[in-house]
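Undergrad: Data: upload_26.txt, compact mmCIF, N, CA and C atoms and all ligand atoms.
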```
# COMPACT_ATOMS: atom_id res chain seq x y z
N MET A 1258 170.21 149.53 132.48
CA MET A 1258 169.36 149.58 133.67
C MET A 1258 167.98 149.00 133.38
N ALA A 1259 167.43 148.30 134.38
CA ALA A 1259 166.10 147.73 134.18
C ALA A 1259 165.04 148.83 134.18
N ASP A 1260 163.97 148.62 133.38
CA ASP A 1260 162.87 149.59 133.29
C ASP A 1260 162.04 149.49 134.57
N THR A 1261 161.88 150.58 135.29
CA THR A 1261 161.16 150.54 136.57
C THR A 1261 159.72 151.01 136.46
N LYS A 1262 159.28 151.28 135.21
CA LYS A 1262 157.89 151.75 135.03
C LYS A 1262 156.91 150.65 135.40
N ALA A 1263 155.66 151.00 135.83
CA ALA A 1263 154.63 150.01 136.19
C ALA A 1263 154.26 149.19 134.95
N PRO A 1264 153.97 147.87 135.14
CA PRO A 1264 153.65 147.03 133.98
C PRO A 1264 152.39 147.52 133.27
N VAL A 1265 152.42 147.48 131.96
CA VAL A 1265 151.28 147.93 131.15
C VAL A 1265 150.32 146.75 130.97
N GLU A 1266 149.00 147.02 131.09
CA GLU A 1266 147.99 145.97 130.84
C GLU A 1266 147.90 145.72 129.35
N ARG A 1267 148.47 144.63 128.90
CA ARG A 1267 148.46 144.34 127.46
C ARG A 1267 147.31 143.37 127.16
N PRO A 1268 146.75 143.45 125.93
CA PRO A 1268 145.69 142.48 125.58
C PRO A 1268 146.28 141.08 125.43
N LEU A 1269 145.52 140.09 125.89
CA LEU A 1269 145.99 138.71 125.76
C LEU A 1269 145.63 138.19 124.38
N SER A 1270 146.47 137.31 123.86
CA SER A 1270 146.12 136.72 122.56
C SER A 1270 144.98 135.71 122.77
N PRO A 1271 144.10 135.53 121.77
CA PRO A 1271 142.96 134.62 121.95
C PRO A 1271 143.43 133.20 122.22
N HIS A 1272 142.69 132.48 123.04
CA HIS A 1272 143.01 131.09 123.30
C HIS A 1272 141.72 130.27 123.27
N LEU A 1273 141.81 128.98 123.52
CA LEU A 1273 140.68 128.09 123.31
C LEU A 1273 139.41 128.50 124.05
N GLN A 1274 139.57 129.04 125.29
CA GLN A 1274 138.38 129.37 126.08
C GLN A 1274 137.57 130.52 125.48
N VAL A 1275 138.23 131.30 124.60
CA VAL A 1275 137.56 132.46 124.03
C VAL A 1275 136.59 132.05 122.92
N TYR A 1276 136.93 130.96 122.21
CA TYR A 1276 136.12 130.57 121.06
C TYR A 1276 134.92 129.73 121.48
N ARG A 1277 133.80 129.93 120.77
CA ARG A 1277 132.64 129.07 120.96
C ARG A 1277 132.90 127.81 120.16
N LEU A 1278 132.71 126.66 120.79
CA LEU A 1278 132.99 125.41 120.10
C LEU A 1278 131.96 125.19 119.00
N THR A 1279 132.41 125.06 117.77
CA THR A 1279 131.48 124.84 116.65
C THR A 1279 131.62 123.41 116.13
N LEU A 1280 130.62 122.99 115.36
CA LEU A 1280 130.64 121.64 114.80
C LEU A 1280 131.85 121.46 113.87
N THR A 1281 132.19 122.51 113.13
CA THR A 1281 133.35 122.46 112.23
C THR A 1281 134.63 122.18 113.01
N MET A 1282 134.76 122.83 114.18
CA MET A 1282 135.95 122.60 115.00
C MET A 1282 136.00 121.16 115.51
N VAL A 1283 134.84 120.70 115.99
CA VAL A 1283 134.78 119.33 116.53
C VAL A 1283 135.12 118.32 115.43
N MET A 1284 134.59 118.56 114.22
CA MET A 1284 134.83 117.62 113.13
C MET A 1284 136.29 117.64 112.68
N SER A 1285 136.94 118.78 112.84
CA SER A 1285 138.37 118.84 112.52
C SER A 1285 139.15 117.93 113.46
N ILE A 1286 138.77 117.98 114.74
CA ILE A 1286 139.43 117.13 115.75
C ILE A 1286 139.11 115.66 115.47
N VAL A 1287 137.83 115.39 115.15
CA VAL A 1287 137.42 114.00 114.86
C VAL A 1287 138.17 113.46 113.64
N HIS A 1288 138.43 114.34 112.66
CA HIS A 1288 139.16 113.89 111.47
C HIS A 1288 140.56 113.39 111.86
N ARG A 1289 141.20 114.14 112.76
CA ARG A 1289 142.53 113.74 113.20
C ARG A 1289 142.47 112.45 114.02
N ILE A 1290 141.47 112.35 114.88
CA ILE A 1290 141.32 111.15 115.72
C ILE A 1290 141.06 109.91 114.83
N THR A 1291 140.16 110.07 113.84
CA THR A 1291 139.89 108.92 112.96
C THR A 1291 141.14 108.56 112.16
N GLY A 1292 141.89 109.58 111.76
CA GLY A 1292 143.15 109.31 111.03
C GLY A 1292 144.09 108.47 111.88
N ALA A 1293 144.21 108.81 113.17
CA ALA A 1293 145.09 108.04 114.07
C ALA A 1293 144.54 106.64 114.27
N ALA A 1294 143.19 106.51 114.38
CA ALA A 1294 142.57 105.19 114.57
C ALA A 1294 142.82 104.30 113.36
N LEU A 1295 142.93 104.92 112.17
CA LEU A 1295 143.13 104.12 110.95
C LEU A 1295 144.48 103.39 110.96
N TYR A 1296 145.45 103.94 111.69
CA TYR A 1296 146.73 103.22 111.79
C TYR A 1296 146.50 101.85 112.42
N PHE A 1297 145.67 101.82 113.49
CA PHE A 1297 145.41 100.55 114.18
C PHE A 1297 144.56 99.63 113.29
N GLY A 1298 143.61 100.22 112.57
CA GLY A 1298 142.79 99.44 111.64
C GLY A 1298 143.65 98.81 110.56
N THR A 1299 144.65 99.55 110.09
CA THR A 1299 145.54 99.02 109.06
C THR A 1299 146.35 97.85 109.61
N LEU A 1300 146.70 97.92 110.90
CA LEU A 1300 147.41 96.79 111.53
C LEU A 1300 146.53 95.54 111.51
N LEU A 1301 145.22 95.72 111.79
CA LEU A 1301 144.28 94.58 111.74
C LEU A 1301 144.23 93.98 110.34
N LEU A 1302 144.20 94.87 109.36
CA LEU A 1302 144.15 94.45 107.96
C LEU A 1302 145.41 93.64 107.62
N ALA A 1303 146.56 94.14 108.11
CA ALA A 1303 147.83 93.45 107.86
C ALA A 1303 147.83 92.09 108.55
N TRP A 1304 147.29 92.04 109.78
CA TRP A 1304 147.22 90.77 110.53
C TRP A 1304 146.40 89.75 109.73
N TRP A 1305 145.27 90.20 109.20
CA TRP A 1305 144.36 89.34 108.40
C TRP A 1305 145.10 88.79 107.18
N LEU A 1306 145.82 89.66 106.44
CA LEU A 1306 146.51 89.23 105.21
C LEU A 1306 147.68 88.30 105.53
N VAL A 1307 148.44 88.64 106.58
CA VAL A 1307 149.59 87.80 106.96
C VAL A 1307 149.10 86.43 107.40
N ALA A 1308 148.00 86.42 108.20
CA ALA A 1308 147.45 85.14 108.67
C ALA A 1308 146.98 84.30 107.50
N ALA A 1309 146.39 84.94 106.50
CA ALA A 1309 145.92 84.20 105.32
C ALA A 1309 147.09 83.54 104.61
N SER A 1310 148.23 84.20 104.60
CA SER A 1310 149.40 83.63 103.92
C SER A 1310 150.08 82.55 104.77
N TYR A 1311 149.87 82.58 106.13
CA TYR A 1311 150.50 81.59 107.02
C TYR A 1311 149.81 80.24 106.97
N GLY A 1312 148.49 80.25 106.78
CA GLY A 1312 147.78 78.98 106.71
C GLY A 1312 146.59 78.90 107.64
N PRO A 1313 145.84 77.77 107.59
CA PRO A 1313 144.57 77.64 108.34
C PRO A 1313 144.64 77.93 109.84
N PRO A 1314 145.63 77.43 110.61
CA PRO A 1314 145.60 77.71 112.06
C PRO A 1314 145.70 79.21 112.37
N ALA A 1315 146.61 79.91 111.66
CA ALA A 1315 146.78 81.35 111.90
C ALA A 1315 145.51 82.08 111.48
N TYR A 1316 144.93 81.65 110.37
CA TYR A 1316 143.72 82.32 109.88
C TYR A 1316 142.53 82.08 110.82
N ALA A 1317 142.51 80.88 111.42
CA ALA A 1317 141.42 80.56 112.37
C ALA A 1317 141.46 81.52 113.57
N ASP A 1318 142.67 81.88 114.01
CA ASP A 1318 142.81 82.84 115.13
C ASP A 1318 142.17 84.18 114.77
N VAL A 1319 142.47 84.66 113.54
CA VAL A 1319 141.93 85.95 113.10
C VAL A 1319 140.40 85.85 113.01
N GLU A 1320 139.93 84.75 112.42
CA GLU A 1320 138.48 84.56 112.28
C GLU A 1320 137.79 84.57 113.64
N TRP A 1321 138.45 83.90 114.63
CA TRP A 1321 137.87 83.85 115.97
C TRP A 1321 137.77 85.25 116.55
N PHE A 1322 138.87 86.02 116.43
CA PHE A 1322 138.87 87.37 117.01
C PHE A 1322 137.87 88.29 116.30
N MET A 1323 137.93 88.29 114.97
CA MET A 1323 137.06 89.19 114.20
C MET A 1323 135.58 88.82 114.37
N GLY A 1324 135.33 87.56 114.65
CA GLY A 1324 133.95 87.09 114.80
C GLY A 1324 133.39 87.32 116.20
N SER A 1325 134.28 87.61 117.17
CA SER A 1325 133.81 87.85 118.54
C SER A 1325 133.09 89.20 118.62
N ILE A 1326 132.36 89.40 119.72
CA ILE A 1326 131.62 90.67 119.88
C ILE A 1326 132.59 91.86 119.86
N VAL A 1327 133.71 91.70 120.60
CA VAL A 1327 134.70 92.79 120.66
C VAL A 1327 135.27 93.04 119.26
N GLY A 1328 135.62 91.95 118.57
CA GLY A 1328 136.19 92.05 117.22
C GLY A 1328 135.23 92.75 116.27
N ARG A 1329 133.95 92.37 116.35
CA ARG A 1329 132.95 92.99 115.46
C ARG A 1329 132.79 94.47 115.77
N LEU A 1330 132.81 94.81 117.07
CA LEU A 1330 132.69 96.22 117.44
C LEU A 1330 133.88 97.03 116.90
N ILE A 1331 135.07 96.43 117.01
CA ILE A 1331 136.27 97.12 116.51
C ILE A 1331 136.17 97.28 114.98
N LEU A 1332 135.73 96.21 114.30
CA LEU A 1332 135.60 96.29 112.84
C LEU A 1332 134.54 97.31 112.42
N PHE A 1333 133.46 97.37 113.21
CA PHE A 1333 132.40 98.36 112.92
C PHE A 1333 132.97 99.78 113.08
N GLY A 1334 133.71 99.96 114.16
CA GLY A 1334 134.34 101.28 114.40
C GLY A 1334 135.35 101.62 113.31
N TYR A 1335 136.10 100.61 112.88
CA TYR A 1335 137.10 100.82 111.83
C TYR A 1335 136.41 101.21 110.52
N THR A 1336 135.30 100.54 110.21
CA THR A 1336 134.54 100.87 108.99
C THR A 1336 134.09 102.33 109.05
N TRP A 1337 133.52 102.71 110.23
CA TRP A 1337 133.04 104.09 110.36
C TRP A 1337 134.20 105.08 110.24
N ALA A 1338 135.32 104.78 110.93
CA ALA A 1338 136.46 105.71 110.92
C ALA A 1338 136.98 105.88 109.49
N LEU A 1339 137.05 104.77 108.75
CA LEU A 1339 137.56 104.82 107.37
C LEU A 1339 136.65 105.66 106.49
N ILE A 1340 135.33 105.42 106.58
CA ILE A 1340 134.39 106.16 105.73
C ILE A 1340 134.33 107.63 106.16
N HIS A 1341 134.30 107.84 107.48
CA HIS A 1341 134.25 109.22 107.99
C HIS A 1341 135.49 110.00 107.55
N HIS A 1342 136.65 109.38 107.67
CA HIS A 1342 137.90 110.05 107.31
C HIS A 1342 137.96 110.29 105.81
N MET A 1343 137.47 109.32 105.03
CA MET A 1343 137.50 109.46 103.57
C MET A 1343 136.57 110.60 103.12
N LEU A 1344 135.35 110.63 103.69
CA LEU A 1344 134.42 111.73 103.35
C LEU A 1344 135.00 113.06 103.82
N GLY A 1345 135.66 113.04 104.98
CA GLY A 1345 136.31 114.26 105.49
C GLY A 1345 137.40 114.71 104.52
N GLY A 1346 138.12 113.74 103.96
CA GLY A 1346 139.17 114.05 102.98
C GLY A 1346 138.56 114.72 101.75
N LEU A 1347 137.39 114.24 101.32
CA LEU A 1347 136.72 114.85 100.17
C LEU A 1347 136.24 116.27 100.51
N ARG A 1348 135.83 116.44 101.80
CA ARG A 1348 135.42 117.78 102.27
C ARG A 1348 136.62 118.74 102.18
N TYR A 1349 137.79 118.27 102.62
CA TYR A 1349 138.98 119.12 102.54
C TYR A 1349 139.33 119.40 101.08
N LEU A 1350 139.07 118.41 100.21
CA LEU A 1350 139.36 118.60 98.78
C LEU A 1350 138.49 119.73 98.22
N ILE A 1351 137.20 119.74 98.63
CA ILE A 1351 136.30 120.82 98.18
C ILE A 1351 136.82 122.16 98.69
N TRP A 1352 137.22 122.18 99.96
CA TRP A 1352 137.75 123.43 100.52
C TRP A 1352 139.02 123.86 99.80
N ASP A 1353 139.83 122.86 99.38
CA ASP A 1353 141.07 123.18 98.67
C ASP A 1353 140.80 123.88 97.34
N THR A 1354 139.61 123.67 96.78
CA THR A 1354 139.28 124.34 95.51
C THR A 1354 138.79 125.77 95.77
N GLY A 1355 138.66 126.13 97.07
CA GLY A 1355 138.24 127.49 97.42
C GLY A 1355 136.73 127.61 97.59
N HIS A 1356 136.01 126.48 97.54
CA HIS A 1356 134.55 126.51 97.68
C HIS A 1356 134.12 126.02 99.06
N GLY A 1357 132.86 126.34 99.41
CA GLY A 1357 132.26 125.79 100.64
C GLY A 1357 132.69 126.44 101.93
N PHE A 1358 133.14 127.70 101.87
CA PHE A 1358 133.60 128.36 103.10
C PHE A 1358 132.54 129.25 103.76
N GLY A 1359 131.40 129.45 103.09
CA GLY A 1359 130.32 130.26 103.68
C GLY A 1359 129.80 129.59 104.94
N PRO A 1360 129.25 130.36 105.90
CA PRO A 1360 128.80 129.76 107.17
C PRO A 1360 127.83 128.59 106.99
N SER A 1361 126.83 128.75 106.10
CA SER A 1361 125.85 127.67 105.92
C SER A 1361 126.47 126.51 105.16
N GLU A 1362 127.38 126.80 104.21
CA GLU A 1362 128.03 125.73 103.43
C GLU A 1362 128.94 124.88 104.32
N ARG A 1363 129.67 125.56 105.19
CA ARG A 1363 130.56 124.85 106.14
C ARG A 1363 129.75 123.88 106.98
N GLU A 1364 128.65 124.40 107.54
CA GLU A 1364 127.78 123.57 108.39
C GLU A 1364 127.22 122.39 107.60
N TRP A 1365 126.76 122.69 106.38
CA TRP A 1365 126.16 121.66 105.53
C TRP A 1365 127.18 120.56 105.24
N LEU A 1366 128.42 120.96 104.93
CA LEU A 1366 129.46 119.98 104.58
C LEU A 1366 129.79 119.07 105.76
N VAL A 1367 129.94 119.66 106.96
CA VAL A 1367 130.30 118.82 108.11
C VAL A 1367 129.15 117.89 108.51
N ARG A 1368 127.90 118.40 108.36
CA ARG A 1368 126.74 117.54 108.68
C ARG A 1368 126.66 116.40 107.68
N ALA A 1369 126.89 116.70 106.40
CA ALA A 1369 126.86 115.67 105.35
C ALA A 1369 127.95 114.62 105.65
N ASN A 1370 129.11 115.10 106.11
CA ASN A 1370 130.22 114.22 106.46
C ASN A 1370 129.81 113.23 107.56
N LEU A 1371 129.18 113.80 108.62
CA LEU A 1371 128.80 112.99 109.78
C LEU A 1371 127.65 112.02 109.44
N ILE A 1372 126.59 112.57 108.87
CA ILE A 1372 125.42 111.73 108.56
C ILE A 1372 125.78 110.72 107.48
N GLY A 1373 126.55 111.16 106.47
CA GLY A 1373 126.96 110.26 105.38
C GLY A 1373 127.78 109.10 105.91
N SER A 1374 128.71 109.38 106.84
CA SER A 1374 129.59 108.30 107.33
C SER A 1374 128.79 107.28 108.14
N ILE A 1375 127.86 107.77 108.97
CA ILE A 1375 127.05 106.84 109.78
C ILE A 1375 126.15 106.02 108.85
N GLY A 1376 125.50 106.70 107.89
CA GLY A 1376 124.60 106.01 106.97
C GLY A 1376 125.32 104.97 106.13
N LEU A 1377 126.45 105.36 105.54
CA LEU A 1377 127.19 104.43 104.66
C LEU A 1377 127.73 103.23 105.45
N THR A 1378 128.15 103.49 106.71
CA THR A 1378 128.66 102.38 107.53
C THR A 1378 127.55 101.35 107.77
N ILE A 1379 126.36 101.85 108.14
CA ILE A 1379 125.24 100.93 108.41
C ILE A 1379 124.86 100.18 107.12
N ILE A 1380 124.78 100.90 106.00
CA ILE A 1380 124.42 100.25 104.73
C ILE A 1380 125.44 99.17 104.38
N LEU A 1381 126.72 99.49 104.54
CA LEU A 1381 127.78 98.53 104.19
C LEU A 1381 127.68 97.27 105.04
N TRP A 1382 127.39 97.44 106.35
CA TRP A 1382 127.29 96.28 107.24
C TRP A 1382 126.04 95.46 106.94
N VAL A 1383 124.95 96.14 106.64
CA VAL A 1383 123.71 95.41 106.30
C VAL A 1383 123.96 94.60 105.02
N LEU A 1384 124.57 95.24 104.02
CA LEU A 1384 124.86 94.53 102.76
C LEU A 1384 125.81 93.35 103.01
N GLY A 1385 126.80 93.58 103.88
CA GLY A 1385 127.76 92.51 104.21
C GLY A 1385 127.06 91.31 104.83
N TYR A 1386 126.18 91.59 105.81
CA TYR A 1386 125.45 90.50 106.47
C TYR A 1386 124.49 89.81 105.51
N LEU A 1387 123.86 90.60 104.62
CA LEU A 1387 122.95 89.99 103.63
C LEU A 1387 123.73 89.07 102.70
N ALA A 1388 124.94 89.52 102.31
CA ALA A 1388 125.77 88.69 101.43
C ALA A 1388 126.17 87.39 102.11
N LEU A 1389 126.32 87.44 103.46
CA LEU A 1389 126.69 86.22 104.21
C LEU A 1389 125.47 85.37 104.54
N GLY A 1390 124.29 85.86 104.20
CA GLY A 1390 123.06 85.11 104.49
C GLY A 1390 122.53 85.37 105.88
N GLY A 1391 122.84 86.55 106.46
CA GLY A 1391 122.32 86.92 107.78
C GLY A 1391 123.38 86.83 108.86
N PRO A 1392 123.09 87.42 110.05
CA PRO A 1392 124.05 87.39 111.15
C PRO A 1392 124.36 85.97 111.58
N ARG A 1393 125.61 85.74 112.00
CA ARG A 1393 126.01 84.39 112.45
C ARG A 1393 126.28 84.41 113.95
C1 LIG B 1401 144.45 104.04 106.35
C2 LIG B 1401 144.36 105.19 105.71
C3 LIG B 1401 144.62 106.55 106.34
C4 LIG B 1401 145.34 106.90 107.46
C5 LIG B 1401 146.13 105.99 108.40
C6 LIG B 1401 145.24 108.34 107.60
C7 LIG B 1401 145.79 109.07 108.63
C8 LIG B 1401 145.66 110.42 108.78
C9 LIG B 1401 146.08 111.19 109.94
C10 LIG B 1401 146.76 110.62 111.18
C11 LIG B 1401 145.78 112.49 109.71
C12 LIG B 1401 146.00 113.67 110.66
C13 LIG B 1401 147.29 114.34 110.36
C14 LIG B 1401 147.43 115.57 111.22
O1 LIG B 1401 146.44 116.22 111.57
O2 LIG B 1401 148.58 115.91 111.55
C15 LIG B 1401 145.20 112.57 108.40
C16 LIG B 1401 144.81 113.74 107.80
C17 LIG B 1401 144.21 113.80 106.58
N1 LIG B 1401 143.75 112.75 105.82
FE1 LIG B 1401 144.08 110.80 106.20
N2 LIG B 1401 144.48 108.83 106.57
C18 LIG B 1401 144.07 107.78 105.78
C19 LIG B 1401 143.26 107.84 104.67
C20 LIG B 1401 142.82 108.98 104.07
C21 LIG B 1401 141.96 109.05 102.91
C22 LIG B 1401 141.42 107.82 102.17
C23 LIG B 1401 141.76 110.37 102.64
C24 LIG B 1401 140.98 111.01 101.54
C25 LIG B 1401 139.94 110.50 100.93
C26 LIG B 1401 142.49 111.14 103.64
C27 LIG B 1401 142.57 112.51 103.68
C28 LIG B 1401 143.17 113.24 104.68
C29 LIG B 1401 143.28 114.70 104.70
C30 LIG B 1401 142.78 115.65 103.61
C31 LIG B 1401 143.93 115.04 105.87
C32 LIG B 1401 144.34 116.44 106.36
C33 LIG B 1401 143.24 117.15 107.04
C34 LIG B 1401 143.73 118.51 107.56
O3 LIG B 1401 144.16 119.33 106.74
O4 LIG B 1401 143.68 118.72 108.78
N3 LIG B 1401 143.12 110.27 104.50
N4 LIG B 1401 145.12 111.31 107.87
```
Output the file's structure as structure tokens, nothing else.
TA:
Amino acid sequence: MADTKAPVERPLSPHLQVYRLTLTMVMSIVHRITGAALYFGTLLLAWWLVAASYGPPAYADVEWFMGSIVGRLILFGYTWALIHHMLGGLRYLIWDTGHGFGPSEREWLVRANLIGSIGLTIILWVLGYLALGGPR
């Protein structure tokens, strides 16, 4: 026989709306997003290498695309995603050793990840342009 008693008010399990969004949470999501973006960046890298092996006309196409404003923006984003994801990987490595879980340490690590990735990306691009003798 079915239970005819009135339904009991049970506590709900916590869900996303209950939590305050923290920088650590956002950076966890960004780590996954940059990881997914790296798949597309790797395709670009493969296109560049395959074109180099095909010969001058194929390579000229890659050079044209990578040299365009859109191409440069994509390459800049790829550089940032790669560095951000790599630094994030090192952050996870530190956590894997059991360190850096205190509230201030967590915050410090994610901020270092974010600021470090932006700084290193800009430095790398400035050095790249200097090596080429300035913007073209
Ligand atoms: C082109 C190179 C790479 C690609 C395509 C890539 C892709 C990804 C993707 C898609 C994820 C998310 C997986 C998920 O959440 O289910 C991920 C996670 C991760 N990646 Fe990468 N990755 C690359 C390079 C690296 C490098 C260089 C490092 C370390 C220096 C790294 C460290 C990690 C770590 C530690 C995680 C797991 C984070 C977690 O526990 O949530 N990855 N990667």
Undergrad: Find the residues of chain A that sit at most 6 Å from ligand LIG 1401 (chain B); for each, write down the nearest two atoms and how far apart they are in Å, to one decimal. Count only N, CA and C atoms and all ligand atoms. Sort by chain, then by number going up, and give it as CSV.
TA:
```
residue,atom,partner,partner_atom,distance
A:His1288,C,B:LIG1401,C12,5.6
A:Arg1289,CA,B:LIG1401,C12,4.3
A:Thr1291,C,B:LIG1401,C7,5.9
A:Gly1292,C,B:LIG1401,C10,3.5
A:Ala1293,N,B:LIG1401,C10,3.7
A:Leu1295,C,B:LIG1401,C5,4.0
A:Tyr1296,N,B:LIG1401,C5,3.9
A:Thr1299,CA,B:LIG1401,C1,5.8
A:His1342,C,B:LIG1401,C23,4.9
A:Met1343,CA,B:LIG1401,C25,3.7
A:Leu1344,N,B:LIG1401,C25,5.4
A:Gly1345,C,B:LIG1401,C30,5.5
A:Gly1346,CA,B:LIG1401,C27,3.8
A:Leu1347,N,B:LIG1401,C25,4.5
A:Tyr1349,CA,B:LIG1401,C30,5.3
A:Leu1350,N,B:LIG1401,C30,5.7
```
Undergrad: Please run DSSP on the backbone and report, as a VMD selection string, all residues within stretch 1259-1380 of chain A that come out as alpha helix (DSSP H).
TA: chain A and resid 1280 to 1311 1313 to 1324 1326 to 1353 1360 to 1380
Undergrad: Using atom CA of A:Arg1329 and atom CA of A:Leu1371 as the two end points, give the distance in Å to one decimal.
TA: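 If I compute the distance from atom CA of A:Arg1329 to atom CA of A:Leu1371, I get 21.2 Å.
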Undergrad: Give me the residues within 8 Å of A:Thr1336 as a list of chain:residue names, counting only N, CA and C atoms and dropping any in the same chain fewer than 3 places off.
TA: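 Result of the neighbour search: A:Gly1298, A:Leu1330, A:Ile1331, A:Leu1332, A:Phe1333, A:Leu1339, A:Ile1340, A:His1341, A:His1342, A:Ser1374, A:Leu1377, A:Thr1378, A:Ile1379.
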Undergrad: With N, CA and C atoms retained, could you export that selection as a compact mmCIF listing (two decimals), in the frame of the given file?
TA:
```
# COMPACT_ATOMS: atom_id res chain seq x y z
N GLY A 1298 143.61 100.22 112.57
CA GLY A 1298 142.79 99.44 111.64
C GLY A 1298 143.65 98.81 110.56
N LEU A 1330 132.81 94.81 117.07
CA LEU A 1330 132.69 96.22 117.44
C LEU A 1330 133.88 97.03 116.90
N ILE A 1331 135.07 96.43 117.01
CA ILE A 1331 136.27 97.12 116.51
C ILE A 1331 136.17 97.28 114.98
N LEU A 1332 135.73 96.21 114.30
CA LEU A 1332 135.60 96.29 112.84
C LEU A 1332 134.54 97.31 112.42
N PHE A 1333 133.46 97.37 113.21
CA PHE A 1333 132.40 98.36 112.92
C PHE A 1333 132.97 99.78 113.08
N LEU A 1339 137.05 104.77 108.75
CA LEU A 1339 137.56 104.82 107.37
C LEU A 1339 136.65 105.66 106.49
N ILE A 1340 135.33 105.42 106.58
CA ILE A 1340 134.39 106.16 105.73
C ILE A 1340 134.33 107.63 106.16
N HIS A 1341 134.30 107.84 107.48
CA HIS A 1341 134.25 109.22 107.99
C HIS A 1341 135.49 110.00 107.55
N HIS A 1342 136.65 109.38 107.67
CA HIS A 1342 137.90 110.05 107.31
C HIS A 1342 137.96 110.29 105.81
N SER A 1374 128.71 109.38 106.84
CA SER A 1374 129.59 108.30 107.33
C SER A 1374 128.79 107.28 108.14
N LEU A 1377 126.45 105.36 105.54
CA LEU A 1377 127.19 104.43 104.66
C LEU A 1377 127.73 103.23 105.45
N THR A 1378 128.15 103.49 106.71
CA THR A 1378 128.66 102.38 107.53
C THR A 1378 127.55 101.35 107.77
N ILE A 1379 126.36 101.85 108.14
CA ILE A 1379 125.24 100.93 108.41
C ILE A 1379 124.86 100.18 107.12
```
Undergrad: How far is it from atom C of A:Trp1304 to atom N of A:Gly1328, in Å with one decimal?
TA: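 Atom-to-atom, atom C of A:Trp1304 to atom N of A:Gly1328, that is 14.1 Å.
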Undergrad: Could you state the separation of atom N of A:Ile1372 and atom N of A:Gly1390 in Å, given to one decimal place?
TA: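 Taking atom N of A:Ile1372 as the start and atom N of A:Gly1390 as the end point, the length is 27.2 Å.
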Undergrad: With all atoms listed in the file as the basis for distance, which of A:Ala1263, A:Thr1281, A:Val1275, A:Glu1320 is at the shortest distance from A:Arg1368?
TA: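 For A:Arg1368, the nearest of the candidates is A:Thr1281.
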